[in-house]
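Chemist: For reference, this is run_3.txt, and it has compact mmCIF, C-alpha atoms and all ligand atoms.
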# COMPACT_ATOMS: atom_id res chain seq x y z
CA MET A 1 -18.27 -8.60 19.59
CA ALA A 2 -15.32 -10.97 19.52
CA ALA A 3 -12.49 -10.03 17.17
CA PRO A 4 -12.57 -12.17 14.02
CA LEU A 5 -10.12 -15.00 13.58
CA ILE A 6 -7.40 -13.68 11.27
CA ILE A 7 -4.98 -16.02 9.49
CA ASP A 8 -2.43 -14.75 7.00
CA THR A 9 -2.10 -17.58 4.47
CA HIS A 10 0.69 -15.95 2.47
CA ALA A 11 3.66 -14.54 4.37
CA HIS A 12 7.39 -14.58 3.79
CA ALA A 13 10.25 -13.67 6.13
CA PHE A 14 13.98 -13.45 5.59
CA ASN A 15 17.07 -13.89 7.71
CA THR A 16 18.04 -10.22 7.74
CA SER A 17 16.16 -7.02 7.05
CA ASP A 18 18.74 -6.19 4.36
CA ASP A 19 17.88 -9.41 2.50
CA ALA A 20 14.20 -8.55 2.79
CA ASP A 21 14.64 -4.92 1.67
CA LEU A 22 16.58 -6.02 -1.39
CA LEU A 23 13.94 -8.54 -2.41
CA VAL A 24 11.06 -6.18 -1.75
CA ALA A 25 12.69 -3.38 -3.75
CA GLY A 26 13.61 -5.75 -6.57
CA TYR A 27 10.13 -7.03 -7.33
CA ALA A 28 7.58 -4.90 -9.16
CA PRO A 29 4.44 -6.78 -10.23
CA LEU A 30 4.30 -5.19 -13.65
CA GLU A 31 1.63 -7.65 -14.76
CA TYR A 32 -0.95 -5.17 -13.44
CA GLY A 33 0.16 -2.63 -16.03
CA ASP A 34 1.72 0.76 -15.56
CA ILE A 35 1.57 1.43 -11.88
CA ALA A 36 2.00 5.13 -11.25
CA GLN A 37 4.35 4.65 -8.34
CA PRO A 38 5.59 1.69 -6.34
CA LEU A 39 3.67 1.13 -3.14
CA ALA A 40 5.49 1.86 0.08
CA PRO A 41 6.33 -1.44 1.77
CA PRO A 42 5.32 -1.87 5.42
CA SER A 43 7.59 -0.34 8.02
CA ASP A 44 8.02 -3.71 9.79
CA GLU A 45 11.29 -5.50 9.18
CA GLY A 46 10.88 -8.39 6.75
CA THR A 47 12.37 -10.82 9.25
CA ILE A 48 10.72 -13.46 11.43
CA GLY A 49 10.75 -10.97 14.30
CA GLY A 50 9.22 -8.33 12.06
CA LEU A 51 6.49 -10.71 10.93
CA LEU A 52 5.67 -11.81 14.49
CA GLY A 53 5.49 -8.17 15.62
CA ALA A 54 3.24 -7.23 12.70
CA MET A 55 0.96 -10.20 13.53
CA THR A 56 0.62 -9.08 17.14
CA ASN A 57 -0.14 -5.50 16.11
CA ALA A 58 -2.71 -6.53 13.53
CA GLY A 59 -4.42 -9.24 15.60
CA VAL A 60 -3.32 -12.01 13.24
CA SER A 61 -3.19 -15.22 15.25
CA ARG A 62 -1.46 -17.48 12.72
CA ALA A 63 0.46 -17.12 9.49
CA ILE A 64 1.59 -19.56 6.84
CA LEU A 65 5.30 -19.01 6.28
CA LEU A 66 5.95 -19.77 2.63
CA HIS A 67 9.41 -20.69 1.49
CA THR A 68 10.08 -19.81 -2.14
CA TRP A 69 12.81 -21.48 -4.16
CA LEU A 70 13.69 -20.28 -7.65
CA GLY A 71 15.62 -23.21 -9.05
CA GLY A 72 15.88 -21.71 -12.53
CA LEU A 73 17.48 -18.51 -11.24
CA GLU A 74 19.71 -20.49 -8.84
CA ARG A 75 21.10 -22.44 -11.79
CA LEU A 76 21.78 -19.22 -13.70
CA ALA A 77 23.40 -17.53 -10.71
CA HIS A 78 25.56 -20.55 -9.79
CA PRO A 79 26.40 -22.27 -13.09
CA ASP A 80 29.18 -24.32 -11.50
CA ALA A 81 27.02 -25.76 -8.75
CA SER A 82 26.00 -29.40 -9.14
CA GLU A 83 22.46 -30.73 -8.88
CA ALA A 84 23.42 -32.10 -5.47
CA ASP A 85 24.58 -28.62 -4.39
CA HIS A 86 21.23 -27.12 -5.33
CA ALA A 87 19.35 -29.93 -3.59
CA ASN A 88 21.43 -29.51 -0.43
CA LYS A 89 20.93 -25.76 -0.36
CA LEU A 90 17.17 -26.11 -0.71
CA ALA A 91 17.11 -28.89 1.90
CA LEU A 92 18.85 -26.64 4.42
CA GLN A 93 16.52 -23.72 3.74
CA ASN A 94 13.43 -25.91 4.04
CA ARG A 95 14.65 -27.29 7.35
CA GLU A 96 15.23 -23.77 8.60
CA VAL A 97 11.61 -22.90 7.81
CA CYS A 98 10.41 -25.96 9.76
CA GLU A 99 12.68 -25.11 12.70
CA THR A 100 11.48 -21.50 12.74
CA ALA A 101 7.88 -22.64 12.83
CA ASP A 102 8.69 -25.21 15.50
CA ALA A 103 10.04 -22.41 17.70
CA ASN A 104 7.09 -20.11 16.89
CA PRO A 105 3.85 -22.09 16.95
CA GLU A 106 1.86 -19.23 15.40
CA LEU A 107 3.76 -19.89 12.16
CA ILE A 108 2.76 -22.72 9.82
CA PRO A 109 5.58 -23.90 7.55
CA TYR A 110 5.10 -24.47 3.83
CA VAL A 111 8.26 -25.71 2.13
CA ALA A 112 9.50 -25.24 -1.42
CA VAL A 113 10.13 -27.82 -4.12
CA ASP A 114 12.50 -27.36 -7.02
CA LEU A 115 10.50 -27.42 -10.25
CA HIS A 116 13.77 -27.83 -12.18
CA ASN A 117 14.91 -30.90 -10.27
CA ARG A 118 13.87 -33.92 -12.28
CA ASP A 119 14.86 -36.44 -9.60
CA HIS A 120 11.30 -36.82 -8.42
CA ALA A 121 12.09 -39.75 -6.14
CA HIS A 122 14.45 -37.45 -4.26
CA THR A 123 11.82 -34.73 -4.00
CA ARG A 124 9.28 -37.21 -2.68
CA ARG A 125 11.69 -38.48 -0.01
CA GLU A 126 12.48 -34.87 0.93
CA LEU A 127 8.80 -34.00 1.28
CA GLU A 128 8.24 -37.08 3.46
CA GLU A 129 11.12 -36.04 5.69
CA LEU A 130 10.01 -32.39 5.80
CA LYS A 131 6.48 -33.45 6.69
CA SER A 132 7.91 -35.36 9.65
CA LEU A 133 9.71 -32.14 10.62
CA GLY A 134 6.43 -30.22 10.65
CA ALA A 135 5.92 -29.02 7.06
CA ARG A 136 2.19 -28.54 6.41
CA GLY A 137 2.22 -27.66 2.73
CA VAL A 138 4.21 -26.80 -0.37
CA LYS A 139 4.83 -23.52 -2.20
CA ILE A 140 5.61 -23.29 -5.92
CA HIS A 141 6.23 -20.34 -8.23
CA PRO A 142 5.60 -21.61 -11.78
CA SER A 143 5.86 -18.16 -13.32
CA LEU A 144 9.31 -17.12 -12.06
CA GLU A 145 10.45 -20.73 -12.54
CA ARG A 146 9.05 -20.80 -16.07
CA VAL A 147 7.75 -24.30 -15.55
CA ALA A 148 4.07 -24.70 -16.33
CA VAL A 149 1.89 -26.29 -13.66
CA ASP A 150 0.52 -28.74 -16.23
CA ASP A 151 3.98 -29.66 -17.59
CA PRO A 152 4.19 -33.50 -17.62
CA GLU A 153 7.71 -33.13 -16.20
CA VAL A 154 6.26 -32.03 -12.85
CA ALA A 155 3.33 -34.46 -12.71
CA ASP A 156 5.22 -36.57 -10.15
CA LEU A 157 5.54 -33.57 -7.85
CA TRP A 158 1.80 -33.06 -7.80
CA GLN A 159 1.35 -36.78 -7.14
CA ALA A 160 3.76 -36.61 -4.19
CA CYS A 161 1.74 -33.76 -2.66
CA VAL A 162 -1.46 -35.77 -3.15
CA ASP A 163 0.03 -38.89 -1.57
CA LEU A 164 1.42 -36.97 1.40
CA GLY A 165 -1.74 -34.88 1.88
CA LEU A 166 0.21 -31.63 1.54
CA PRO A 167 -1.74 -28.66 0.17
CA VAL A 168 -0.05 -26.51 -2.46
CA VAL A 169 0.12 -22.73 -2.66
CA ALA A 170 1.02 -21.71 -6.20
CA HIS A 171 1.75 -18.27 -7.51
CA GLY A 172 -1.10 -17.58 -9.92
CA GLY A 173 -0.80 -15.34 -12.92
CA GLN A 174 2.25 -13.61 -14.23
CA THR A 175 5.03 -11.56 -12.59
CA HIS A 176 7.21 -8.78 -13.92
CA ASP A 177 6.74 -10.46 -17.26
CA SER A 178 3.23 -10.03 -18.60
CA HIS A 179 3.90 -12.55 -21.37
CA ASP A 180 4.63 -15.44 -19.06
CA HIS A 181 1.76 -17.89 -18.73
CA HIS A 182 3.34 -20.80 -16.85
CA GLY A 183 1.12 -20.08 -13.86
CA ALA A 184 -2.01 -19.09 -15.76
CA PRO A 185 -5.16 -20.07 -13.84
CA VAL A 186 -6.53 -22.13 -16.76
CA ARG A 187 -3.47 -24.39 -16.63
CA PHE A 188 -4.47 -25.60 -13.15
CA THR A 189 -7.76 -27.06 -14.32
CA ALA A 190 -6.58 -30.41 -15.66
CA VAL A 191 -4.12 -30.95 -12.79
CA LEU A 192 -6.67 -30.25 -10.08
CA LYS A 193 -9.36 -32.30 -11.80
CA ALA A 194 -6.94 -35.23 -11.95
CA HIS A 195 -6.28 -34.89 -8.20
CA PRO A 196 -9.62 -34.13 -6.55
CA THR A 197 -8.24 -34.67 -3.03
CA LEU A 198 -5.42 -32.16 -3.48
CA ARG A 199 -6.16 -28.76 -1.95
CA THR A 200 -4.52 -25.95 -3.89
CA VAL A 201 -4.47 -22.22 -3.32
CA VAL A 202 -3.92 -20.18 -6.46
CA ALA A 203 -2.35 -16.98 -5.17
CA HIS A 204 -3.26 -13.39 -5.99
CA LEU A 205 -6.69 -14.39 -7.38
CA GLY A 206 -4.82 -15.19 -10.57
CA GLY A 207 -3.13 -11.78 -10.75
CA ALA A 208 -3.63 -10.00 -14.06
CA GLU A 209 -5.44 -13.13 -15.30
CA TRP A 210 -8.17 -12.66 -12.68
CA ARG A 211 -10.93 -12.77 -15.28
CA THR A 212 -10.20 -16.47 -15.92
CA VAL A 213 -10.43 -17.49 -12.27
CA PRO A 214 -14.21 -18.06 -11.93
CA ALA A 215 -14.03 -20.77 -14.61
CA LEU A 216 -11.28 -22.56 -12.68
CA ALA A 217 -13.27 -22.26 -9.46
CA ALA A 218 -16.37 -23.68 -11.16
CA ALA A 219 -14.43 -26.61 -12.63
CA CYS A 220 -12.46 -27.54 -9.49
CA PRO A 221 -14.01 -27.58 -6.02
CA ASN A 222 -10.55 -28.32 -4.56
CA VAL A 223 -9.13 -24.88 -5.37
CA ALA A 224 -9.20 -21.69 -3.31
CA PHE A 225 -7.58 -18.32 -3.93
CA ASP A 226 -5.67 -15.84 -1.84
CA ILE A 227 -6.17 -12.14 -2.12
CA CYS A 228 -2.69 -10.74 -1.61
CA GLU A 229 -0.91 -8.45 -4.04
CA ILE A 230 -3.91 -7.97 -6.36
CA ILE A 231 -5.79 -6.21 -3.56
CA GLN A 232 -3.02 -3.61 -3.45
CA TYR A 233 -3.41 -2.79 -7.13
CA VAL A 234 -7.18 -2.43 -7.54
CA GLY A 235 -7.78 0.14 -10.24
CA ALA A 236 -4.48 -0.53 -12.06
CA PRO A 237 -4.91 -1.20 -15.81
CA HIS A 238 -4.86 -5.02 -15.54
CA ALA A 239 -6.31 -5.31 -12.06
CA PRO A 240 -10.00 -5.25 -11.13
CA THR A 241 -11.68 -2.08 -9.94
CA PRO A 242 -12.95 -2.25 -6.34
CA SER A 243 -16.44 -3.25 -7.47
CA GLU A 244 -15.06 -5.78 -9.95
CA LEU A 245 -13.04 -7.31 -7.09
CA GLY A 246 -16.18 -7.67 -4.98
CA GLN A 247 -18.02 -9.19 -7.93
CA LEU A 248 -15.12 -11.57 -8.70
CA ILE A 249 -15.14 -12.84 -5.12
CA SER A 250 -18.91 -13.34 -5.23
CA ASP A 251 -18.60 -15.18 -8.56
CA ILE A 252 -15.96 -17.54 -7.16
CA GLY A 253 -17.84 -17.95 -3.88
CA SER A 254 -16.53 -15.78 -1.04
CA ASP A 255 -15.98 -18.89 1.12
CA ARG A 256 -13.16 -19.90 -1.26
CA VAL A 257 -11.17 -16.69 -0.91
CA LEU A 258 -8.44 -16.53 1.72
CA PHE A 259 -6.71 -13.62 3.41
CA GLY A 260 -3.01 -13.31 2.68
CA THR A 261 -0.61 -10.40 2.63
CA ASP A 262 2.60 -11.34 0.82
CA PHE A 263 4.42 -9.73 3.77
CA PRO A 264 6.99 -8.09 3.72
CA TRP A 265 5.97 -6.69 0.33
CA TYR A 266 2.69 -5.51 1.88
CA GLY A 267 1.54 -4.88 5.42
CA LEU A 268 -0.82 -6.96 7.54
CA ASP A 269 -2.83 -4.04 8.95
CA ASP A 270 -3.15 -2.41 5.57
CA THR A 271 -4.32 -5.59 3.84
CA ILE A 272 -6.93 -6.25 6.56
CA ASP A 273 -8.29 -2.72 6.03
CA ARG A 274 -8.48 -3.35 2.30
CA VAL A 275 -10.42 -6.60 2.80
CA LEU A 276 -12.89 -4.81 5.09
CA ASP A 277 -13.35 -2.15 2.36
CA ILE A 278 -14.23 -4.56 -0.51
CA PRO A 279 -17.58 -3.44 -1.90
CA GLY A 280 -20.49 -5.80 -2.36
CA LEU A 281 -19.65 -8.31 0.40
CA SER A 282 -21.33 -8.67 3.78
CA GLN A 283 -19.40 -8.12 7.01
CA GLY A 284 -19.73 -11.86 7.65
CA GLU A 285 -18.20 -12.72 4.28
CA LYS A 286 -15.28 -10.35 4.86
CA GLU A 287 -14.61 -11.78 8.31
CA ALA A 288 -14.69 -15.33 6.91
CA ILE A 289 -12.13 -14.28 4.27
CA LEU A 290 -9.90 -13.00 7.07
CA GLY A 291 -9.63 -16.38 8.79
CA GLN A 292 -12.39 -18.97 8.89
CA ASN A 293 -12.13 -19.84 5.21
CA ALA A 294 -8.44 -20.70 5.57
CA ALA A 295 -9.00 -22.65 8.78
CA ARG A 296 -11.55 -24.81 6.98
CA PHE A 297 -9.96 -25.15 3.53
CA LEU A 298 -6.39 -25.72 4.74
CA GLN A 299 -7.44 -27.60 7.89
CA LEU A 300 -5.42 -25.31 10.15
ZN ZN B 1 4.40 -14.44 -2.10
Show this structure as structure tokens.
Ligand SMILES: [Zn+2]

Modeler:
Amino acid sequence: MAAPLIIDTHAHAFNTSDDADLLVAGYAPLEYGDIAQPLAPPSDEGTIGGLLGAMTNAGVSRAILLHTWLGGLERLAHPDASEADHANKLALQNREVCETADANPELIPYVAVDLHNRDHAHTRRELEELKSLGARGVKIHPSLERVAVDDPEVADLWQACVDLGLPVVAHGGQTHDSHDHHGAPVRFTAVLKAHPTLRTVVAHLGGAEWRTVPALAAACPNVAFDICEIIQYVGAPHAPTPSELGQLISDIGSDRVLFGTDFPWYGLDDTIDRVLDIPGLSQGEKEAILGQNAARFLQL
């Protein structure tokens, strides 16, 4: 039997392994409740080379390289920087992602937008330029940015993605802060209904707010979900049990669930094993989650 097509729709990579180790160690997804002990991150370096090696070892043929930009935290960390400084820094980083993917065709670049930048004309021009440089989609993190996806201030950003035909991957659910609801699945409903041609992936199956995801799926045919992070915490207080995870995927429609890993926080091999272990799904459904669903939904 031929090996299934495997596409990681949610990967990150950093310039040095030290950068990656720091970020991996610094992020605990406390939204899932008290987690007895932090999971051991994969042994692969969280660099581009580490990601490419992990892909080869795990039989992953392509990966979406997501660039994340935390404009709110940037402004706190660099209070003297001007808006132009922030925009230039992000522009450089986004170009680097496109160049990396250009040099490594198995990587698909998704660039970041700054949810705190209110110069939407600038962002639109940037996205046009980045698309010409190879960008295939956009990543946003409403929860860490503390900007709600349905905030009228960012309506122009959604419109730019619609007009440019760029899919959006959005962190779904909370983060370390279980009281933050900027990226709550229910908040996507009005936005995605208003833009029926926009394809959006709500990450982590909505995280700790996973119970609200089937309603979003039912309301919006243009949304899909990735499985990373939450699949590592099955059984945690605010995460589904294994059988609840299988049921959740069936309720959404298994063809709308995409494999992702959130590398380098979690490993490719390990996440594939976890997908193949989800109870209540057929082998065909699990294999489609590993790759075909992404190829179809994100037109890869
Ligand atoms: Zn991620």

Chemist: Report the distance between atom CA of A:Val234 and atom CA of A:Leu276 in Å, rounded to one decimal place.

Modeler: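 So the two atoms, atom CA of A:Val234 and atom CA of A:Leu276, lie 14.1 Å apart.
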
Chemist: Could you list, as an NGL selection string, all the residues within 12 Å of ligand ZN 1 (chain B), counting all atoms listed in the file?

Modeler: :A and (8-13 or 23-24 or 27 or 29 or 64-69 or 110 or 112 or 139-141 or 143-144 or 169-172 or 175 or 201-204 or 207 or 226-230 or 260-266)

Chemist: Grab the atom CA of A:Glu145 to atom CA of A:Arg118 distance for me, in Å with one decimal place.

Modeler: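 About the pair atom CA of A:Glu145 and atom CA of A:Arg118: they are 13.6 Å apart.
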
Chemist: My list of candidates is A:Leu5, A:Ala288, A:Leu268, A:Ala294. Which is closest to A:Val223 when distances are computed with only C-alpha atoms?

Modeler: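 Closest to A:Val223, using only C-alpha atoms: A:Ala294.
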
Chemist: With a distance cut-off of 12 Å and all atoms listed in the file, select the neighbouring residues of A:Lys89, excluding the residue or stretch itself and same-chain residues fewer than 4 positions from it, and output the selection as an MDAnalysis selection string.

Modeler: chainID A and resid 69:71 74:75 78 81:85 93:96 112:114

Chemist: Determine the axis-aligned bounding box of all atoms of stretch 268-286 of chain A present in the file, pad each side by 4 Å, and express its centre and edge lengths in Å to one decimal place as lines of an AutoDock Vina configuration file.

Modeler:
center_x = -11.1
center_y = -7.4
center_z = 3.3
size_x = 28.5
size_y = 18.6
size_z = 19.3

Chemist: Residues at most 9 Å from A:Val275, counting only C-alpha atoms, excluding those fewer than 6 positions away in the same chain, as an MDAnalysis selection string?

Modeler: chainID A and resid 227 231 259 286:287 289:290

Chemist: Around the point (-8.3, -24.8, -14.2) (coordinates from the file), which residues reach within 10 Å if we count all atoms listed in the file? Answer as number ranges by chain.

Modeler: A: 150, 184-193, 212-220, 223

Chemist: Using all atoms listed in the file, find the one residue out of A:Ala224, A:Ala135, A:Leu281, A:Leu130 that sits nearest to A:Ser250.

Modeler: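 The answer is A:Leu281, which sits nearest to A:Ser250.
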
Chemist: Please measure the separation of atom CA of A:Val168 and atom CA of A:Gly137, giving the value in Å to one decimal.

Modeler: 5.8 Å

Chemist: Residues at most 7 Å from stretch 123-128 of chain A, counting all atoms listed in the file, excluding those fewer than 4 positions away in the same chain, as a PyMOL selection string?

Modeler: chain A and resi 119+132+160

Chemist: Nearest to A:Val60 among A:Gly246, A:Gly183, A:Pro79, A:Pro4, with distances taken over all atoms listed in the file: which residue is it?

Modeler: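 Distance minimum relative to A:Val60 lands on A:Pro4.
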
Chemist: Given all atoms listed in the file as the basis, pick out the residue of A:Ile35, A:Leu73, A:Ala20, A:Leu245 nearest to A:Thr47.

Modeler: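 Using all atoms listed in the file, the shortest distance to A:Thr47 belongs to A:Ala20.
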
Chemist: Using only C-alpha atoms, can you tell me which of A:Leu92, A:Leu166, A:Ala54, A:Ile252 comes closest to A:Gly267?

Modeler: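 Nearest to A:Gly267: A:Ala54.
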
Chemist: Quick one: of A:Glu244, A:Asp163, A:Asp44, A:Asp277, who's nearest to A:Ala58, counting all atoms listed in the file?

Modeler: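 Looking at the shortest contact to A:Ala58, the residue is A:Asp44.
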
Chemist: From (2.4, -26.3, 10.7), in the file's coordinates, out to 7 Å: which residues are reached, counting all atoms listed in the file? Answer as a PyMOL selection string.

Modeler: chain A and resi 101+107-109+134-136

Chemist: Filtering to C-alpha atoms, could stretch 86-98 of chain A of the supplied structure be written out as a tab-separated table (two decimals), in the first residue's frame?

Modeler:
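Written output follows (result.tsv):
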chain	number	residue	atom	x	y	z
A	86	HIS	CA	7.72	47.69	13.75
A	87	ALA	CA	6.47	47.56	10.17
A	88	ASN	CA	10.02	47.28	8.83
A	89	LYS	CA	10.94	44.52	11.25
A	90	LEU	CA	7.87	42.50	10.32
A	91	ALA	CA	8.47	43.14	6.61
A	92	LEU	CA	12.00	41.73	6.89
A	93	GLN	CA	10.86	38.66	8.80
A	94	ASN	CA	8.06	37.96	6.33
A	95	ARG	CA	10.48	38.22	3.42
A	96	GLU	CA	12.81	35.81	5.15
A	97	VAL	CA	9.99	33.26	5.41
A	98	CYS	CA	9.27	33.64	1.67
